[in-house]
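Data block for work-v9.csv (CSV, N, CA and C atoms):
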chain,number,residue,atom,x,y,z
Z,1,VAL,N,0.8,-1.2,0.0
Z,1,VAL,CA,0.0,0.0,0.0
Z,1,VAL,C,0.9,1.2,0.0
Z,2,GLN,N,0.6,2.1,-0.9
Z,2,GLN,CA,1.4,3.3,-1.0
Z,2,GLN,C,0.6,4.6,-1.3
Z,3,LEU,N,0.9,5.6,-0.6
Z,3,LEU,CA,0.4,7.0,-0.9
Z,3,LEU,C,1.5,7.9,-1.2
Z,4,GLN,N,1.5,8.4,-2.4
Z,4,GLN,CA,2.6,9.2,-2.9
Z,4,GLN,C,2.1,10.7,-3.1
Z,5,ALA,N,2.6,11.5,-2.2
Z,5,ALA,CA,2.2,12.9,-2.2
Z,5,ALA,C,3.2,13.7,-3.1
Z,6,SER,N,2.6,14.7,-3.8
Z,6,SER,CA,3.5,15.6,-4.6
Z,6,SER,C,2.8,16.9,-4.8
Z,7,GLY,N,3.6,17.9,-5.4
Z,7,GLY,CA,3.0,19.2,-5.7
Z,7,GLY,C,3.4,20.3,-4.8
Z,8,GLY,N,4.2,20.0,-3.8
Z,8,GLY,CA,4.7,21.1,-2.9
Z,8,GLY,C,5.7,22.0,-3.6
Z,9,GLY,N,6.0,23.1,-3.0
Z,9,GLY,CA,6.9,24.1,-3.6
Z,9,GLY,C,6.9,25.4,-2.8
Z,10,SER,N,7.5,26.4,-3.4
Z,10,SER,CA,7.5,27.7,-2.8
Z,10,SER,C,6.6,28.6,-3.6
Z,11,VAL,N,5.9,29.5,-2.8
Z,11,VAL,CA,5.0,30.4,-3.4
Z,11,VAL,C,4.9,31.6,-2.5
Z,12,GLN,N,4.6,32.8,-3.1
Z,12,GLN,CA,4.4,34.0,-2.3
Z,12,GLN,C,3.0,34.0,-1.8
Z,13,ALA,N,2.8,34.7,-0.7
Z,13,ALA,CA,1.5,34.9,0.0
Z,13,ALA,C,0.5,35.3,-1.1
Z,14,GLY,N,-0.7,34.7,-1.0
Z,14,GLY,CA,-1.7,35.0,-1.9
Z,14,GLY,C,-1.8,34.1,-3.1
Z,15,GLY,N,-0.7,33.3,-3.3
Z,15,GLY,CA,-0.6,32.4,-4.4
Z,15,GLY,C,-1.4,31.1,-4.1
Z,16,SER,N,-1.2,30.1,-5.1
Z,16,SER,CA,-1.9,28.9,-5.1
Z,16,SER,C,-1.0,27.7,-5.4
Z,17,LEU,N,-1.3,26.6,-4.8
Z,17,LEU,CA,-0.6,25.3,-5.1
Z,17,LEU,C,-1.7,24.2,-5.1
Z,18,ARG,N,-1.4,23.2,-5.9
Z,18,ARG,CA,-2.3,22.0,-5.8
Z,18,ARG,C,-1.4,20.8,-5.5
Z,19,LEU,N,-1.8,20.1,-4.4
Z,19,LEU,CA,-1.1,18.9,-4.0
Z,19,LEU,C,-1.9,17.7,-4.5
Z,20,SER,N,-1.1,16.6,-4.8
Z,20,SER,CA,-1.7,15.4,-5.3
Z,20,SER,C,-1.3,14.3,-4.4
Z,21,CYS,N,-2.2,13.3,-4.2
Z,21,CYS,CA,-1.8,12.1,-3.4
Z,21,CYS,C,-2.3,10.9,-4.2
Z,22,ALA,N,-1.4,10.2,-4.8
Z,22,ALA,CA,-1.7,9.0,-5.6
Z,22,ALA,C,-1.7,7.8,-4.8
Z,23,ALA,N,-2.8,7.0,-4.8
Z,23,ALA,CA,-2.9,5.8,-4.0
Z,23,ALA,C,-2.8,4.6,-4.8
Z,24,SER,N,-2.1,3.6,-4.3
Z,24,SER,CA,-1.9,2.4,-5.0
Z,24,SER,C,-1.7,1.2,-4.0
Z,25,GLY,N,-1.9,0.0,-4.5
Z,25,GLY,CA,-1.7,-1.2,-3.7
Z,25,GLY,C,-3.0,-1.7,-3.0
Z,26,ARG,N,-4.0,-1.0,-3.0
Z,26,ARG,CA,-5.3,-1.5,-2.5
Z,26,ARG,C,-6.4,-0.6,-3.0
Z,27,THR,N,-7.6,-1.0,-2.8
Z,27,THR,CA,-8.8,-0.2,-3.2
Z,27,THR,C,-9.1,0.7,-2.0
Z,28,PHE,N,-9.2,2.0,-2.3
Z,28,PHE,CA,-9.5,3.0,-1.2
Z,28,PHE,C,-10.9,3.5,-1.4
Z,29,SER,N,-11.7,2.8,-2.1
Z,29,SER,CA,-13.1,3.4,-2.4
Z,29,SER,C,-13.9,3.5,-1.2
Z,30,SER,N,-13.6,2.7,-0.1
Z,30,SER,CA,-14.4,2.8,1.1
Z,30,SER,C,-13.7,3.7,2.1
Z,31,TYR,N,-12.6,4.3,1.8
Z,31,TYR,CA,-11.8,5.0,2.8
Z,31,TYR,C,-12.2,6.5,2.8
Z,32,VAL,N,-11.7,7.1,3.9
Z,32,VAL,CA,-11.6,8.5,4.0
Z,32,VAL,C,-10.1,8.9,3.8
Z,33,MET,N,-9.9,9.9,3.0
Z,33,MET,CA,-8.5,10.4,2.7
Z,33,MET,C,-8.4,11.7,3.4
Z,34,GLY,N,-7.3,11.8,4.2
Z,34,GLY,CA,-7.1,13.0,5.0
Z,34,GLY,C,-5.9,13.8,4.5
Z,35,TRP,N,-5.8,15.0,4.8
Z,35,TRP,CA,-4.6,15.9,4.6
Z,35,TRP,C,-4.3,16.4,6.0
Z,36,PHE,N,-3.0,16.3,6.3
Z,36,PHE,CA,-2.5,16.9,7.6
Z,36,PHE,C,-1.3,17.7,7.2
Z,37,ARG,N,-0.8,18.6,8.1
Z,37,ARG,CA,0.4,19.3,7.9
Z,37,ARG,C,1.1,19.5,9.2
Z,38,GLN,N,2.4,19.6,9.1
Z,38,GLN,CA,3.3,19.8,10.2
Z,38,GLN,C,4.3,20.9,10.0
Z,39,ALA,N,4.1,22.0,10.7
Z,39,ALA,CA,5.1,23.1,10.6
Z,39,ALA,C,6.3,22.9,11.6
Z,40,PRO,N,7.4,23.5,11.3
Z,40,PRO,CA,8.6,23.3,12.1
Z,40,PRO,C,8.3,23.6,13.6
Z,41,GLY,N,8.6,22.6,14.5
Z,41,GLY,CA,8.4,22.8,15.9
Z,41,GLY,C,7.0,22.7,16.4
Z,42,LYS,N,6.1,22.2,15.5
Z,42,LYS,CA,4.7,22.1,15.9
Z,42,LYS,C,4.2,20.7,15.7
Z,43,GLU,N,3.0,20.4,16.3
Z,43,GLU,CA,2.4,19.1,16.1
Z,43,GLU,C,1.8,19.0,14.7
Z,44,ARG,N,1.6,17.8,14.3
Z,44,ARG,CA,0.9,17.6,13.0
Z,44,ARG,C,-0.5,17.9,13.2
Z,45,GLU,N,-1.1,18.6,12.3
Z,45,GLU,CA,-2.5,19.0,12.5
Z,45,GLU,C,-3.3,18.7,11.3
Z,46,PHE,N,-4.6,18.5,11.5
Z,46,PHE,CA,-5.6,18.2,10.5
Z,46,PHE,C,-5.8,19.4,9.6
Z,47,VAL,N,-6.0,19.1,8.3
Z,47,VAL,CA,-6.2,20.2,7.3
Z,47,VAL,C,-7.6,19.9,6.7
Z,48,ALA,N,-7.8,18.7,6.1
Z,48,ALA,CA,-9.0,18.4,5.3
Z,48,ALA,C,-9.2,16.9,5.2
Z,49,ALA,N,-10.4,16.5,4.9
Z,49,ALA,CA,-10.7,15.1,4.7
Z,49,ALA,C,-11.8,15.0,3.6
Z,50,ILE,N,-11.7,13.9,2.9
Z,50,ILE,CA,-12.7,13.6,1.9
Z,50,ILE,C,-13.1,12.1,1.9
Z,51,ARG,N,-14.4,11.9,1.8
Z,51,ARG,CA,-14.8,10.5,1.8
Z,51,ARG,C,-14.8,10.1,0.3
Z,52,TRP,N,-14.0,9.0,0.1
Z,52,TRP,CA,-13.8,8.6,-1.3
Z,52,TRP,C,-15.2,8.3,-2.0
Z,53,ARG,N,-16.0,7.6,-1.3
Z,53,ARG,CA,-17.3,7.2,-1.8
Z,53,ARG,C,-18.3,8.4,-1.5
Z,54,GLY,N,-18.7,9.1,-2.5
Z,54,GLY,CA,-19.6,10.2,-2.3
Z,54,GLY,C,-19.0,11.6,-2.4
Z,55,GLY,N,-17.7,11.7,-2.0
Z,55,GLY,CA,-17.0,12.9,-2.1
Z,55,GLY,C,-17.3,14.0,-1.0
Z,56,SER,N,-17.9,13.6,0.1
Z,56,SER,CA,-18.2,14.6,1.1
Z,56,SER,C,-16.8,15.0,1.7
Z,57,THR,N,-16.8,16.3,2.2
Z,57,THR,CA,-15.6,16.9,2.7
Z,57,THR,C,-15.7,17.5,4.0
Z,58,HIS,N,-14.6,17.8,4.7
Z,58,HIS,CA,-14.6,18.5,6.0
Z,58,HIS,C,-13.2,19.2,6.0
Z,59,TYR,N,-13.2,20.4,6.6
Z,59,TYR,CA,-12.0,21.2,6.6
Z,59,TYR,C,-11.8,21.8,8.0
Z,60,ALA,N,-10.5,22.0,8.3
Z,60,ALA,CA,-10.1,22.7,9.5
Z,60,ALA,C,-10.6,24.2,9.3
Z,61,ASP,N,-10.9,24.8,10.4
Z,61,ASP,CA,-11.4,26.2,10.3
Z,61,ASP,C,-10.3,27.1,9.7
Z,62,SER,N,-9.1,26.8,9.9
Z,62,SER,CA,-8.0,27.7,9.5
Z,62,SER,C,-7.8,27.7,7.9
Z,63,VAL,N,-8.4,26.7,7.3
Z,63,VAL,CA,-8.3,26.6,5.8
Z,63,VAL,C,-9.6,26.7,5.1
Z,64,LYS,N,-10.7,26.7,5.8
Z,64,LYS,CA,-12.0,26.7,5.2
Z,64,LYS,C,-12.2,27.9,4.3
Z,65,GLY,N,-12.7,27.7,3.1
Z,65,GLY,CA,-12.8,28.8,2.2
Z,65,GLY,C,-11.6,29.1,1.3
Z,66,ARG,N,-10.5,28.5,1.7
Z,66,ARG,CA,-9.2,28.7,0.9
Z,66,ARG,C,-8.7,27.4,0.3
Z,67,PHE,N,-8.9,26.3,1.0
Z,67,PHE,CA,-8.5,25.0,0.5
Z,67,PHE,C,-9.7,24.2,0.0
Z,68,THR,N,-9.5,23.3,-1.0
Z,68,THR,CA,-10.5,22.4,-1.5
Z,68,THR,C,-9.9,21.1,-1.8
Z,69,THR,N,-10.5,20.0,-1.2
Z,69,THR,CA,-10.0,18.7,-1.5
Z,69,THR,C,-11.0,18.0,-2.4
Z,70,SER,N,-10.5,17.2,-3.3
Z,70,SER,CA,-11.3,16.5,-4.3
Z,70,SER,C,-10.6,15.2,-4.6
Z,71,ARG,N,-11.3,14.3,-5.3
Z,71,ARG,CA,-10.7,13.0,-5.7
Z,71,ARG,C,-11.1,12.7,-7.1
Z,72,ASP,N,-10.2,11.9,-7.8
Z,72,ASP,CA,-10.4,11.5,-9.1
Z,72,ASP,C,-10.4,9.9,-9.0
Z,73,ASN,N,-11.6,9.4,-9.2
Z,73,ASN,CA,-11.7,7.9,-9.0
Z,73,ASN,C,-10.9,7.1,-10.1
Z,74,ALA,N,-10.9,7.6,-11.3
Z,74,ALA,CA,-10.2,6.9,-12.4
Z,74,ALA,C,-8.7,6.9,-12.1
Z,75,GLU,N,-8.2,8.0,-11.6
Z,75,GLU,CA,-6.8,8.1,-11.4
Z,75,GLU,C,-6.4,7.6,-10.0
Z,76,ASN,N,-7.3,7.3,-9.1
Z,76,ASN,CA,-7.1,6.9,-7.7
Z,76,ASN,C,-6.2,7.9,-7.0
Z,77,THR,N,-6.6,9.2,-7.2
Z,77,THR,CA,-5.8,10.3,-6.7
Z,77,THR,C,-6.7,11.3,-6.0
Z,78,VAL,N,-6.1,11.8,-4.9
Z,78,VAL,CA,-6.8,12.8,-4.1
Z,78,VAL,C,-6.0,14.1,-4.3
Z,79,TYR,N,-6.7,15.2,-4.3
Z,79,TYR,CA,-6.1,16.5,-4.5
Z,79,TYR,C,-6.4,17.5,-3.4
Z,80,LEU,N,-5.5,18.4,-3.1
Z,80,LEU,CA,-5.7,19.5,-2.2
Z,80,LEU,C,-5.3,20.8,-2.9
Z,81,GLN,N,-6.3,21.5,-3.4
Z,81,GLN,CA,-6.1,22.8,-4.0
Z,81,GLN,C,-6.0,23.9,-2.9
Z,82,MET,N,-4.9,24.6,-2.9
Z,82,MET,CA,-4.7,25.6,-1.9
Z,82,MET,C,-4.6,27.0,-2.5
Z,83,ASP,N,-5.5,27.8,-2.2
Z,83,ASP,CA,-5.6,29.2,-2.7
Z,83,ASP,C,-5.4,30.2,-1.6
Z,84,SER,N,-5.1,31.4,-1.9
Z,84,SER,CA,-4.9,32.5,-0.9
Z,84,SER,C,-4.0,32.0,0.2
Z,85,LEU,N,-2.9,31.5,-0.2
Z,85,LEU,CA,-1.9,30.9,0.8
Z,85,LEU,C,-1.3,32.0,1.6
Z,86,LYS,N,-1.1,31.7,2.9
Z,86,LYS,CA,-0.5,32.6,3.9
Z,86,LYS,C,0.8,32.0,4.4
Z,87,PRO,N,1.7,32.8,4.9
Z,87,PRO,CA,2.9,32.3,5.5
Z,87,PRO,C,2.7,31.3,6.5
Z,88,GLU,N,1.6,31.4,7.3
Z,88,GLU,CA,1.3,30.4,8.3
Z,88,GLU,C,0.9,29.0,7.8
Z,89,ASP,N,0.7,28.9,6.4
Z,89,ASP,CA,0.4,27.6,5.8
Z,89,ASP,C,1.7,26.8,5.5
Z,90,THR,N,2.8,27.5,5.8
Z,90,THR,CA,4.1,26.8,5.5
Z,90,THR,C,4.2,25.5,6.4
Z,91,ALA,N,4.5,24.4,5.8
Z,91,ALA,CA,4.5,23.1,6.5
Z,91,ALA,C,4.8,22.0,5.5
Z,92,VAL,N,5.1,20.9,6.1
Z,92,VAL,CA,5.1,19.6,5.3
Z,92,VAL,C,3.7,19.1,5.3
Z,93,TYR,N,3.2,18.8,4.2
Z,93,TYR,CA,1.8,18.3,4.0
Z,93,TYR,C,1.8,16.8,3.8
Z,94,TYR,N,1.0,16.1,4.5
Z,94,TYR,CA,0.9,14.7,4.4
Z,94,TYR,C,-0.5,14.3,4.0
Z,95,CYS,N,-0.6,13.2,3.1
Z,95,CYS,CA,-1.9,12.6,2.9
Z,95,CYS,C,-2.0,11.3,3.6
Z,96,ALA,N,-3.2,10.9,4.0
Z,96,ALA,CA,-3.4,9.7,4.8
Z,96,ALA,C,-4.7,9.0,4.5
Z,97,GLY,N,-4.8,7.7,4.7
Z,97,GLY,CA,-6.0,7.0,4.5
Z,97,GLY,C,-6.5,6.3,5.7
Z,98,SER,N,-7.8,6.4,5.9
Z,98,SER,CA,-8.5,5.9,7.1
Z,98,SER,C,-9.6,5.0,6.7
Z,99,PRO,N,-9.7,3.7,7.2
Z,99,PRO,CA,-10.8,2.9,6.9
Z,99,PRO,C,-12.0,3.1,7.8
Z,100,THR,N,-11.9,4.0,8.7
Z,100,THR,CA,-13.0,4.3,9.7
Z,100,THR,C,-14.2,4.9,9.1
Z,101,THR,N,-15.3,4.3,9.4
Z,101,THR,CA,-16.6,4.9,8.9
Z,101,THR,C,-17.1,5.7,10.1
Z,102,GLY,N,-17.7,6.8,9.7
Z,102,GLY,CA,-18.2,7.7,10.7
Z,102,GLY,C,-18.1,9.2,10.2
Z,103,PRO,N,-18.7,10.1,10.9
Z,103,PRO,CA,-18.7,11.5,10.5
Z,103,PRO,C,-17.3,12.0,10.2
Z,104,LEU,N,-17.1,12.7,9.1
Z,104,LEU,CA,-15.8,13.2,8.8
Z,104,LEU,C,-15.3,14.2,9.9
Z,105,ALA,N,-16.2,14.9,10.5
Z,105,ALA,CA,-15.8,15.8,11.5
Z,105,ALA,C,-15.1,15.2,12.7
Z,106,THR,N,-15.3,13.9,12.8
Z,106,THR,CA,-14.6,13.2,13.9
Z,106,THR,C,-13.3,12.6,13.5
Z,107,LEU,N,-13.0,12.6,12.2
Z,107,LEU,CA,-11.7,12.0,11.7
Z,107,LEU,C,-10.6,13.0,11.6
Z,108,THR,N,-10.4,13.7,12.6
Z,108,THR,CA,-9.4,14.8,12.5
Z,108,THR,C,-8.1,14.6,13.3
Z,109,THR,N,-8.0,13.3,13.8
Z,109,THR,CA,-6.8,13.0,14.6
Z,109,THR,C,-6.0,11.9,13.9
Z,110,ARG,N,-4.7,11.9,14.1
Z,110,ARG,CA,-3.8,11.0,13.3
Z,110,ARG,C,-4.1,9.5,13.6
Z,111,SER,N,-4.6,9.3,14.8
Z,111,SER,CA,-4.8,7.9,15.2
Z,111,SER,C,-5.9,7.1,14.3
Z,112,PHE,N,-6.7,7.9,13.6
Z,112,PHE,CA,-7.7,7.2,12.8
Z,112,PHE,C,-7.1,6.7,11.5
Z,113,TYR,N,-6.0,7.2,11.1
Z,113,TYR,CA,-5.4,7.0,9.8
Z,113,TYR,C,-4.3,5.9,9.8
Z,114,ASP,N,-4.5,4.9,8.9
Z,114,ASP,CA,-3.6,3.8,8.9
Z,114,ASP,C,-2.4,3.9,7.9
Z,115,TYR,N,-2.7,4.6,6.9
Z,115,TYR,CA,-1.7,4.7,5.8
Z,115,TYR,C,-1.3,6.2,5.6
Z,116,TRP,N,0.0,6.4,5.4
Z,116,TRP,CA,0.5,7.8,5.3
Z,116,TRP,C,1.5,7.9,4.1
Z,117,GLY,N,1.4,9.1,3.4
Z,117,GLY,CA,2.3,9.4,2.4
Z,117,GLY,C,3.6,10.0,3.0
Z,118,GLN,N,4.5,10.3,2.2
Z,118,GLN,CA,5.8,10.7,2.7
Z,118,GLN,C,5.9,12.2,3.0
Z,119,GLY,N,5.0,13.0,2.6
Z,119,GLY,CA,5.0,14.4,2.9
Z,119,GLY,C,5.6,15.2,1.7
Z,120,THR,N,5.1,16.4,1.6
Z,120,THR,CA,5.6,17.3,0.6
Z,120,THR,C,5.6,18.7,1.2
Z,121,LEU,N,6.7,19.4,1.0
Z,121,LEU,CA,6.9,20.7,1.6
Z,121,LEU,C,6.3,21.8,0.9
Z,122,VAL,N,5.5,22.7,1.6
Z,122,VAL,CA,5.0,23.9,1.1
Z,122,VAL,C,5.5,25.1,1.8
Z,123,THR,N,6.1,26.0,1.1
Z,123,THR,CA,6.7,27.2,1.7
Z,123,THR,C,6.0,28.4,1.2
Z,124,VAL,N,5.5,29.2,2.0
Z,124,VAL,CA,4.8,30.4,1.6
Z,124,VAL,C,5.5,31.6,2.2
Z,125,SER,N,6.0,32.5,1.3
Z,125,SER,CA,6.8,33.6,1.7
Z,125,SER,C,5.9,34.9,1.7
Z,126,SER,N,6.2,35.8,2.6
Z,126,SER,CA,5.4,37.0,2.7
Z,126,SER,C,6.0,38.1,1.8
Using structure tokens, write down the structure from this file.
Amino acid sequence: VQLQASGGGSVQAGGSLRLSCAASGRTFSSYVMGWFRQAPGKEREFVAAIRWRGGSTHYADSVKGRFTTSRDNAENTVYLQMDSLKPEDTAVYYCAGSPTTGPLATLTTRSFYDYWGQGTLVTVSS
């Protein structure tokens, strides 16, 4: 089972980036896919989640209205579109997969997620 995150980079404040998370090795159709981030010296925090079946989403308050997560069933890939980026969005971003069924709003902690990608660095300069 592998989750391959990509798309990180450096951007100025106000800019946009799109992260991708390609899933392979198993069927994730019943899973919830999450995005987390970890800034230097801080704990890893929840960013967004999407239920693969149906496409429902949930976001952290800090990114709501600026970030959008989506999935492409044919490509087995999940995306995180990040707009209006701020310096405080600087972090390593991780995608993760959870088999847990339940409200997305409850799936905001790392312990629910079994599979993790390697992380991709996003740097936002002011």
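Minimum atom-to-atom distance to Ser126 (chain Z), evaluated using all atoms listed in the file, belongs to Z:Pro87 out of Z:Gly9, Z:Gly65, Z:Pro87, Z:Gly55.
Atom C of Phe36 (chain Z) to CA of Ala105 (chain Z) spans 15.2 Å [interatomic distance, one decimal].
Of the listed residues Z:Phe67, Z:Ser10, Z:Pro99, Z:Gln2, the one whose atoms come nearest to Leu121 (chain Z) is Z:Ser10, with distances taken using all atoms listed in the file.
The protein and nucleic acid residues lying at most 7 Å from Leu17 (chain Z) are Gln81, Met82 and Asp83 of chain Z, with only C-alpha atoms considered and sequence neighbours fewer than 6 positions away removed.
Distances to Thr69 (chain Z) were evaluated for Z:Gln4, Z:Ser56, Z:Thr123, Z:Gln38 using only N, CA and C atoms, and the minimum falls at Z:Ser56.
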- Note on the structure: Among Z:Ala39, Z:Cys21, Z:Ala60, Z:Ala74, Ala96 (chain Z) is approached most closely, using only N, CA and C atoms, by Z:Cys21
- Message: Under the rule that only C-alpha atoms are counted, which of Z:Val92, Z:Tyr59, Z:Leu80, Z:Val11 is the nearest residue to Gly41 (chain Z)?
- Response: Z:Val92
